[in-house]
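Here's entry.txt, which has compact mmCIF, C-alpha atoms and all ligand atoms:
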# COMPACT_ATOMS: atom_id res chain seq x y z
CA MET C 1 43.77 42.52 -3.82
CA ASP C 2 41.64 41.40 -6.79
CA THR C 3 39.40 38.37 -6.78
CA ILE C 4 41.14 34.99 -6.51
CA PHE C 5 39.64 32.13 -8.56
CA LEU C 6 40.41 28.53 -7.59
CA LYS C 7 39.07 25.11 -8.59
CA ALA C 8 38.02 22.46 -6.07
CA PRO C 9 38.38 19.04 -7.76
CA ALA C 10 36.25 15.97 -7.10
CA LYS C 11 38.02 12.82 -5.88
CA VAL C 12 37.59 9.12 -6.34
CA ASN C 13 38.99 6.27 -4.26
CA LEU C 14 40.93 3.93 -6.54
CA SER C 15 41.14 1.61 -3.54
CA LEU C 16 39.43 1.67 -0.15
CA THR C 17 40.34 -0.96 2.41
CA VAL C 18 38.59 -0.77 5.77
CA LEU C 19 40.74 -2.29 8.52
CA GLY C 20 38.29 -1.90 11.41
CA ARG C 21 36.48 0.50 13.73
CA ARG C 22 38.58 2.61 16.09
CA PRO C 23 37.76 3.59 19.67
CA ASP C 24 36.85 7.12 18.45
CA GLY C 25 34.15 5.69 16.14
CA TYR C 26 36.03 6.39 12.91
CA HIS C 27 37.40 3.55 10.80
CA GLU C 28 41.02 2.82 10.11
CA ILE C 29 41.42 2.81 6.34
CA LYS C 30 43.97 2.53 3.56
CA SER C 31 42.92 4.26 0.40
CA VAL C 32 44.44 5.48 -2.83
CA LEU C 33 42.80 8.82 -3.55
CA GLN C 34 42.84 10.55 -6.90
CA THR C 35 41.52 13.96 -7.97
CA LEU C 36 39.57 14.44 -11.22
CA ASP C 37 39.22 17.17 -13.82
CA LEU C 38 35.61 17.65 -12.62
CA ALA C 39 35.63 20.56 -10.16
CA ASP C 40 33.63 23.19 -8.29
CA GLU C 41 34.82 26.76 -8.76
CA LEU C 42 35.37 29.25 -5.95
CA ALA C 43 35.98 33.00 -6.05
CA PHE C 44 37.44 34.83 -3.05
CA SER C 45 37.38 38.61 -2.61
CA LEU C 46 37.99 40.95 0.28
CA LYS C 47 35.03 42.25 2.25
CA GLU C 48 34.66 44.61 5.15
CA PRO C 49 35.79 42.71 8.31
CA PRO C 50 34.84 40.88 10.41
CA GLN C 51 32.40 39.17 8.08
CA VAL C 52 32.62 36.10 5.87
CA GLN C 53 29.80 35.89 3.35
CA VAL C 54 29.24 32.69 1.35
CA SER C 55 26.99 32.45 -1.71
CA CYS C 56 26.35 29.50 -3.98
CA ARG C 57 25.24 29.09 -7.61
CA GLY C 58 25.39 26.36 -10.25
CA PRO C 59 23.67 23.06 -11.06
CA TRP C 60 23.95 21.64 -7.52
CA ALA C 61 23.61 24.85 -5.49
CA HIS C 62 20.25 23.68 -4.07
CA GLN C 63 22.03 20.80 -2.28
CA VAL C 64 24.46 23.03 -0.40
CA PRO C 65 23.37 23.71 3.18
CA ALA C 66 23.20 27.34 4.26
CA GLY C 67 24.79 28.64 7.46
CA ALA C 68 27.09 26.98 9.95
CA SER C 69 26.91 23.41 8.57
CA ASN C 70 28.21 24.60 5.18
CA LEU C 71 31.78 23.30 4.89
CA VAL C 72 33.00 26.46 3.12
CA PHE C 73 31.68 28.49 6.02
CA ARG C 74 33.24 26.10 8.56
CA ALA C 75 36.61 26.27 6.78
CA ALA C 76 36.44 30.08 6.67
CA THR C 77 35.56 30.24 10.37
CA LEU C 78 38.50 27.96 11.19
CA MET C 79 40.85 30.22 9.16
CA LEU C 80 39.49 33.33 10.92
CA GLU C 81 39.96 31.79 14.37
CA GLU C 82 43.48 30.58 13.57
CA ALA C 83 44.48 33.90 11.97
CA GLU C 84 43.25 35.77 15.05
CA ARG C 85 45.03 33.31 17.36
CA VAL C 86 48.44 33.55 15.70
CA GLY C 87 48.64 36.95 14.13
CA PRO C 88 48.37 40.60 14.80
CA LYS C 89 47.41 41.02 11.10
CA GLY C 90 43.55 41.04 11.18
CA PRO C 91 40.70 41.76 11.29
CA PHE C 92 39.75 39.82 8.18
CA GLY C 93 36.67 39.65 5.98
CA ALA C 94 35.87 37.79 2.77
CA ARG C 95 33.20 37.18 0.18
CA ILE C 96 33.25 33.60 -1.16
CA GLU C 97 31.24 32.59 -4.22
CA LEU C 98 30.87 28.88 -4.85
CA LEU C 99 29.90 27.51 -8.26
CA LYS C 100 28.78 23.94 -7.65
CA PHE C 101 29.34 21.30 -10.35
CA ILE C 102 29.98 18.28 -8.08
CA PRO C 103 26.82 16.70 -6.64
CA ALA C 104 26.62 16.42 -2.83
CA ALA C 105 26.45 13.15 -0.85
CA ALA C 106 27.81 11.39 -3.95
CA GLY C 107 31.07 9.91 -2.62
CA LEU C 108 33.04 12.40 -4.75
CA GLY C 109 34.33 14.60 -1.92
CA GLY C 110 32.70 17.77 -3.26
CA GLY C 111 32.01 19.47 0.09
CA SER C 112 35.42 18.40 1.45
CA SER C 113 37.13 19.82 -1.64
CA ASP C 114 35.27 23.13 -1.28
CA ALA C 115 36.55 23.28 2.31
CA ALA C 116 40.14 22.49 1.23
CA CYS C 117 39.91 25.15 -1.47
CA THR C 118 38.63 27.69 1.07
CA LEU C 119 41.71 27.12 3.25
CA LYS C 120 43.96 27.78 0.25
CA GLY C 121 41.93 30.71 -1.07
CA LEU C 122 41.79 32.59 2.24
CA ASN C 123 45.47 31.89 2.89
CA GLN C 124 46.17 33.78 -0.36
CA LEU C 125 43.50 36.45 0.02
CA TRP C 126 44.53 37.41 3.54
CA GLN C 127 48.25 37.00 2.68
CA LEU C 128 48.80 34.73 5.67
CA GLY C 129 51.73 32.90 4.06
CA TRP C 130 50.98 29.59 5.80
CA ASP C 131 52.67 26.55 4.24
CA GLN C 132 50.89 23.45 2.92
CA GLU C 133 51.75 21.49 6.07
CA LYS C 134 49.84 23.97 8.21
CA LEU C 135 46.84 23.96 5.86
CA VAL C 136 46.83 20.15 5.83
CA SER C 137 46.82 20.04 9.62
CA LEU C 138 43.91 22.52 9.80
CA ALA C 139 42.14 20.48 7.10
CA GLY C 140 42.08 17.42 9.38
CA GLU C 141 39.69 19.32 11.69
CA LEU C 142 37.17 19.69 8.86
CA GLY C 143 36.93 16.09 7.63
CA SER C 144 38.86 12.94 6.83
CA ASP C 145 39.29 13.66 3.08
CA VAL C 146 40.05 17.38 3.41
CA PRO C 147 43.85 17.02 4.00
CA PHE C 148 44.22 15.06 0.74
CA LEU C 149 42.11 17.61 -1.13
CA VAL C 150 44.42 20.43 -0.01
CA MET C 151 47.15 18.62 -1.98
CA GLY C 152 45.23 16.97 -4.85
CA GLY C 153 46.85 14.60 -7.35
CA THR C 154 47.29 10.98 -6.26
CA ALA C 155 48.02 9.85 -2.71
CA LEU C 156 47.83 7.04 -0.20
CA ALA C 157 45.58 8.00 2.72
CA GLU C 158 45.79 6.17 6.05
CA GLY C 159 44.49 6.56 9.59
CA ARG C 160 40.90 7.81 9.18
CA GLY C 161 42.05 9.24 5.84
CA GLU C 162 43.90 12.27 7.17
CA LYS C 163 47.45 10.86 6.95
CA VAL C 164 48.37 11.50 3.36
CA ARG C 165 51.41 10.45 1.32
CA PRO C 166 51.37 11.79 -2.26
CA PHE C 167 52.91 9.86 -5.14
CA VAL C 168 53.01 10.20 -8.91
CA SER C 169 50.63 8.08 -10.96
CA ARG C 170 51.58 7.56 -14.60
CA LEU C 171 48.07 6.48 -15.51
CA ARG C 172 45.44 8.85 -16.81
CA LEU C 173 42.05 7.19 -16.61
CA SER C 174 38.94 8.12 -18.59
CA LEU C 175 35.82 7.66 -16.50
CA VAL C 176 32.06 7.81 -16.70
CA LEU C 177 30.34 8.67 -13.43
CA ILE C 178 26.69 7.83 -12.82
CA LYS C 179 24.68 8.86 -9.76
CA PRO C 180 21.01 8.35 -8.87
CA PRO C 181 18.91 11.37 -7.92
CA TRP C 182 19.52 10.72 -4.20
CA GLY C 183 22.58 10.62 -1.96
CA VAL C 184 23.83 8.26 0.75
CA SER C 185 25.02 9.01 4.27
CA THR C 186 28.65 8.03 4.85
CA PRO C 187 28.12 7.31 8.60
CA ALA C 188 25.19 4.98 7.69
CA VAL C 189 27.40 3.06 5.23
CA TYR C 190 30.16 2.65 7.83
CA ARG C 191 27.53 1.51 10.39
CA ASP C 192 26.36 -1.17 7.96
CA TRP C 193 29.97 -2.19 7.34
CA ASP C 194 30.29 -2.70 11.13
CA MET C 195 27.17 -4.89 11.16
CA ALA C 196 28.52 -6.96 8.28
CA ASN C 197 31.98 -7.35 9.92
CA PRO C 198 31.40 -7.87 13.66
CA ALA C 199 34.42 -10.19 14.03
CA VAL C 200 36.90 -7.54 12.80
CA ASN C 201 35.69 -5.02 15.40
CA SER C 202 35.53 -7.58 18.20
CA ASP C 203 37.88 -7.40 21.21
CA LYS C 204 38.32 -11.18 20.90
CA GLY C 205 40.47 -11.98 17.87
CA GLY C 206 39.79 -8.64 16.16
CA ASP C 207 43.48 -7.72 16.07
CA ALA C 208 44.45 -10.91 14.25
CA ARG C 209 41.62 -10.38 11.76
CA ARG C 210 42.77 -6.80 11.13
CA GLN C 211 46.32 -7.97 10.54
CA ASP C 212 44.99 -10.54 8.12
CA ARG C 213 43.02 -7.84 6.26
CA GLU C 214 46.17 -5.73 6.12
CA ARG C 215 48.18 -8.66 4.69
CA ARG C 216 45.63 -9.23 1.93
CA ASP C 217 45.20 -5.52 1.21
CA PRO C 218 46.03 -4.86 -2.49
CA THR C 219 46.78 -1.14 -1.96
CA GLN C 220 50.56 -1.53 -2.22
CA VAL C 221 50.24 -3.47 -5.48
CA LEU C 222 47.99 -0.71 -6.80
CA ILE C 223 50.50 2.00 -5.85
CA HIS C 224 53.33 0.16 -7.68
CA ALA C 225 51.11 -0.34 -10.74
CA LEU C 226 50.10 3.33 -10.84
CA GLU C 227 53.70 4.45 -10.44
CA ALA C 228 54.75 2.11 -13.27
CA GLY C 229 51.80 3.05 -15.48
CA ASP C 230 50.69 -0.61 -15.59
CA ARG C 231 46.98 -0.26 -16.41
CA ASP C 232 46.01 -3.95 -16.29
CA ARG C 233 47.65 -4.54 -12.92
CA ALA C 234 46.23 -1.32 -11.51
CA LEU C 235 42.69 -2.18 -12.59
CA GLU C 236 43.04 -5.64 -11.08
CA ALA C 237 44.21 -4.24 -7.72
CA MET C 238 41.46 -1.59 -7.46
CA GLY C 239 38.63 -2.31 -5.04
CA ASN C 240 36.36 -0.71 -2.47
CA ASP C 241 35.35 -2.47 0.78
CA LEU C 242 32.31 -0.20 1.15
CA GLU C 243 30.93 -1.25 -2.24
CA PRO C 244 29.11 -4.46 -1.14
CA VAL C 245 27.56 -2.54 1.77
CA THR C 246 26.16 0.32 -0.34
CA LEU C 247 25.09 -1.99 -3.20
CA LYS C 248 23.16 -4.14 -0.73
CA MET C 249 21.40 -1.03 0.63
CA HIS C 250 20.53 0.13 -2.91
CA PRO C 251 20.31 -2.76 -5.40
CA GLU C 252 19.43 -0.34 -8.26
CA LEU C 253 23.09 0.72 -8.21
CA GLN C 254 24.00 -2.77 -9.41
CA GLU C 255 21.91 -2.13 -12.53
CA ALA C 256 23.90 1.03 -13.16
CA GLY C 257 27.10 -1.00 -12.78
CA GLN C 258 25.84 -3.60 -15.28
CA ALA C 259 24.89 -0.80 -17.68
CA LEU C 260 28.40 0.70 -17.42
CA LEU C 261 29.89 -2.70 -18.31
CA ALA C 262 27.46 -3.05 -21.23
CA CYS C 263 28.65 0.38 -22.44
CA GLY C 264 32.27 -0.77 -22.57
CA ALA C 265 33.64 -0.09 -19.08
CA THR C 266 36.67 -2.29 -18.32
CA LYS C 267 36.03 -1.96 -14.60
CA VAL C 268 33.21 -0.60 -12.45
CA MET C 269 33.67 0.68 -8.90
CA LEU C 270 31.71 2.59 -6.30
CA CYS C 271 33.11 6.04 -5.49
CA GLY C 272 33.86 6.27 -1.75
CA SER C 273 30.71 5.39 0.21
CA GLY C 274 28.63 6.03 -2.95
CA PRO C 275 26.14 6.20 -4.47
CA THR C 276 28.13 7.30 -7.55
CA GLN C 277 29.41 4.40 -9.63
CA MET C 278 32.39 4.95 -11.91
CA GLY C 279 33.17 3.04 -15.06
CA ILE C 280 36.78 3.01 -16.26
CA MET C 281 36.70 3.42 -20.04
CA ASP C 282 39.21 2.83 -22.84
CA GLY C 283 39.59 6.56 -23.59
CA PRO C 284 37.70 9.86 -23.78
CA GLU C 285 35.75 8.92 -26.94
CA ALA C 286 34.55 5.68 -25.37
CA ALA C 287 33.58 7.67 -22.26
CA SER C 288 31.56 10.18 -24.35
CA ARG C 289 29.75 7.40 -26.21
CA ALA C 290 28.93 5.58 -22.97
CA ALA C 291 27.73 8.77 -21.28
CA ARG C 292 25.33 9.49 -24.17
CA VAL C 293 23.81 6.02 -23.98
CA LEU C 294 23.56 6.01 -20.17
CA LYS C 295 21.75 9.36 -20.11
CA GLY C 296 19.04 7.73 -22.26
CA TRP C 297 18.87 4.59 -20.11
CA PHE C 298 18.82 6.37 -16.74
CA PRO C 299 16.63 9.47 -17.03
CA GLY C 300 16.87 11.66 -13.93
CA TRP C 301 20.31 10.25 -13.02
CA TRP C 302 23.45 12.37 -13.27
CA VAL C 303 25.88 11.06 -15.88
CA GLN C 304 29.25 12.74 -16.28
CA GLU C 305 32.45 12.01 -18.20
CA ALA C 306 35.61 12.75 -16.28
CA CYS C 307 39.32 12.13 -16.33
CA THR C 308 41.87 11.60 -13.57
CA GLY C 309 44.23 14.56 -13.27
CA GLU C 310 44.03 18.29 -12.78
CA PRO C 311 41.04 20.48 -13.69
CA THR C 312 41.82 22.54 -16.81
O1 LIG A 1 35.51 12.78 8.40
P1 LIG A 1 34.21 12.97 7.74
O2 LIG A 1 33.40 14.07 8.35
O3 LIG A 1 34.27 13.08 6.26
O4 LIG A 1 33.43 11.62 8.03
C1 LIG A 1 32.03 11.51 7.99
C2 LIG A 1 31.61 10.30 8.77
O5 LIG A 1 32.01 9.10 8.08
C3 LIG A 1 32.21 10.16 10.14
O6 LIG A 1 31.45 10.85 11.11
C4 LIG A 1 32.19 8.67 10.38
O7 LIG A 1 30.90 8.24 10.76
C5 LIG A 1 32.43 8.11 9.00
N1 LIG A 1 33.86 7.79 8.77
C6 LIG A 1 34.42 6.69 9.39
N2 LIG A 1 35.74 6.39 9.17
C7 LIG A 1 36.50 7.14 8.33
C8 LIG A 1 35.94 8.27 7.69
C9 LIG A 1 34.61 8.56 7.92
O8 LIG A 1 33.76 5.99 10.14
N3 LIG A 1 37.75 6.79 8.11
Let me see the file written as structure tokens.
Amino acid sequence: MDTIFLKAPAKVNLSLTVLGRRPDGYHEIKSVLQTLDLADELAFSLKEPPQVQVSCRGPWAHQVPAGASNLVFRAATLMLEEAERVGPKGPFGARIELLKFIPAAAGLGGGSSDAACTLKGLNQLWQLGWDQEKLVSLAGELGSDVPFLVMGGTALAEGRGEKVRPFVSRLRLSLVLIKPPWGVSTPAVYRDWDMANPAVNSDKGGDARRQDRERRDPTQVLIHALEAGDRDRALEAMGNDLEPVTLKMHPELQEAGQALLACGATKVMLCGSGPTQMGIMDGPEAASRAARVLKGWFPGWWVQEACTGEPT
């Protein structure tokens, strides 16, 4: 078989409600996830078994860890193990080349998307014929956002993020993304959220507080607005519970948010646990103009226009 080329899109959280910490240490969330046209690119080709070789190029290649902690490598290892467990088809080998356009530790799901893409790419390359349901269930072993990224599009994610229900959004949003030259650790952000919300995690009265958070959660309103293509209502319902935590840790991100508003953003939100901030713009031209200005104001920061929807 020839080389298979696939794109691994970035994601943003259009909403992220944290309901509380679970006994396993993860947090119960409700989040509307959305993929973007910004994407990494992966190429899969057959190689002498039983080896999987991963190489990385592109603007953010230096941020990708080598070896076993690399999510592409972990996804490939999981596919190998599962293929050997279920089939008599092997042995399998693959060469995977990753072209990295999504910065790491940015809150944009880049590593998770590379992992999701690896599941799909190897499923094709090795002609395993597994359905999406199987890939989604394997994806849950690799990270909370990986199941959604196997599907892409727009979806409600629940549980720790791995329970995914896709739906059709009629809104196409033009965005400007801005990220400082450093990343944040998602576990550290969730730890700070715990410190800021001790009552929600408490055994005494925590359940009632969680139910109250669930009642006030605007996610359902957001889903209806996206399905109806109601931009004003959607923008009003968007929000991210991790935003105050990350902005408190890194006040310079607030300046970036103010700058996005000054450049015409109708709404500014943190992407996932951050540190990328996204500005929702009035259209692609407004996004281009804002990106040009922000690059001048924030030298050394990454500034990128993007759009919700599929990579082209
Ligand atoms: O699942 P993933 O590996 O992407 O999560 C990274 C870390 O983020 C977890 O180890 C956990 O500390 C935190 N997390 C969480 N609750 C979630 C998702 C992630 O506490 N729903």
Using all atoms listed in the file, which residues sit within 7 Å of stretch 180-187 of chain C once same-chain residues fewer than 6 positions away are excluded, as a short mmCIF file (atom, residue, chain, number, x, y, z; two decimals) with C-alpha atoms, keeping the file's coordinate frame?
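The result, written out as around_15.cif:
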data_model
loop_
_atom_site.label_atom_id
_atom_site.label_comp_id
_atom_site.auth_asym_id
_atom_site.auth_seq_id
_atom_site.Cartn_x
_atom_site.Cartn_y
_atom_site.Cartn_z
CA ALA C 105 26.45 13.15 -0.85
CA ALA C 106 27.81 11.39 -3.95
CA SER C 273 30.71 5.39 0.21
CA GLY C 274 28.63 6.03 -2.95
CA PRO C 275 26.14 6.20 -4.47
CA GLY C 300 16.87 11.66 -13.93
CA TRP C 301 20.31 10.25 -13.02
CA TRP C 302 23.45 12.37 -13.27
#
Go ahead and compute the interatomic distance for atom CA of C:Val293 and atom CA of C:Cys263, in Å to one decimal.
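Separation between atom CA of C:Val293 and atom CA of C:Cys263: 7.6 Å.
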List the spatial neighbours of C:Leu80 as a ChimeraX atom specification - criterion: any atom at most 10 Å away, only C-alpha atoms, same-chain residues fewer than 6 positions off excluded.
/C:50-52,74,90-94,122,126
With all atoms listed in the file as the basis for distance, which of C:Arg209, C:Lys163, C:His62, C:Lys134 is at the shortest distance from C:Ile102?
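Among the listed residues, the smallest separation from C:Ile102 belongs to C:His62.
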Here is a test: counting all atoms listed in the file, which residue of C:Pro103, C:Gly109, C:Pro244, C:Gly121 is nearest to C:Pro147?
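Closest to C:Pro147 of all the choices is C:Gly109.
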Hey, which of C:Leu253, C:Val136, C:Leu19, C:Leu171 ends up closest to ligand LIG 1 (chain A)? Count only C-alpha atoms and all ligand atoms.
C:Leu19
Output the neighbourhood of ligand LIG 1 (chain A) as a PDB file with C-alpha atoms, in the frame of the given file, that is, all protein and nucleic acid residues with some atom at most 8 Å from the ligand, counting all atoms listed in the file.
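Final file, selection_15.pdb:
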ATOM      1  CA  VAL C  18      38.590  -0.770   5.770  1.00  0.00           C
ATOM      2  CA  ARG C  21      36.480   0.500  13.730  1.00  0.00           C
ATOM      3  CA  GLY C  25      34.150   5.690  16.140  1.00  0.00           C
ATOM      4  CA  TYR C  26      36.030   6.390  12.910  1.00  0.00           C
ATOM      5  CA  HIS C  27      37.400   3.550  10.800  1.00  0.00           C
ATOM      6  CA  GLU C  28      41.020   2.820  10.110  1.00  0.00           C
ATOM      7  CA  ILE C  29      41.420   2.810   6.340  1.00  0.00           C
ATOM      8  CA  SER C 112      35.420  18.400   1.450  1.00  0.00           C
ATOM      9  CA  LEU C 142      37.170  19.690   8.860  1.00  0.00           C
ATOM     10  CA  GLY C 143      36.930  16.090   7.630  1.00  0.00           C
ATOM     11  CA  SER C 144      38.860  12.940   6.830  1.00  0.00           C
ATOM     12  CA  ASP C 145      39.290  13.660   3.080  1.00  0.00           C
ATOM     13  CA  VAL C 146      40.050  17.380   3.410  1.00  0.00           C
ATOM     14  CA  GLY C 159      44.490   6.560   9.590  1.00  0.00           C
ATOM     15  CA  ARG C 160      40.900   7.810   9.180  1.00  0.00           C
ATOM     16  CA  GLY C 161      42.050   9.240   5.840  1.00  0.00           C
ATOM     17  CA  SER C 185      25.020   9.010   4.270  1.00  0.00           C
ATOM     18  CA  THR C 186      28.650   8.030   4.850  1.00  0.00           C
ATOM     19  CA  PRO C 187      28.120   7.310   8.600  1.00  0.00           C
ATOM     20  CA  ALA C 188      25.190   4.980   7.690  1.00  0.00           C
ATOM     21  CA  TYR C 190      30.160   2.650   7.830  1.00  0.00           C
ATOM     22  CA  ARG C 191      27.530   1.510  10.390  1.00  0.00           C
TER      23      ARG C 191
END
To one decimal in Å, tell me the separation between atom CA of C:Ala157 and atom CA of C:Arg233.
20.2 Å
Find the spatial neighbours of C:Asp203, counting all atoms listed in the file, within a cut-off of 12 Å - ignore same-chain residues fewer than 4 positions away - and output them as JSON, numbers by chain.
{"C": [20, 21, 22, 23, 198, 199, 207, 208, 209, 210]}
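Distances to C:Leu33 were evaluated for C:Arg57, C:Lys47, C:Lys11, C:Lys248 using all atoms listed in the file, and the minimum falls at C:Lys11.
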Which residue out of C:Leu46, C:Leu71, C:Pro284, C:Ser15 has the minimum interatomic distance to C:Asp241 when only C-alpha atoms are used?
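The closest residue to C:Asp241 is C:Ser15.
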Quick one: pull the distance between atom CA of C:Asn13 and atom CA of C:Phe101, Å, one decimal.
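These atoms are spaced 18.9 Å apart.
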With all atoms listed in the file as the atoms that count, which of C:Leu14, C:Leu138, C:Val168, C:Met278 lies nearest to C:Thr77?
C:Leu138
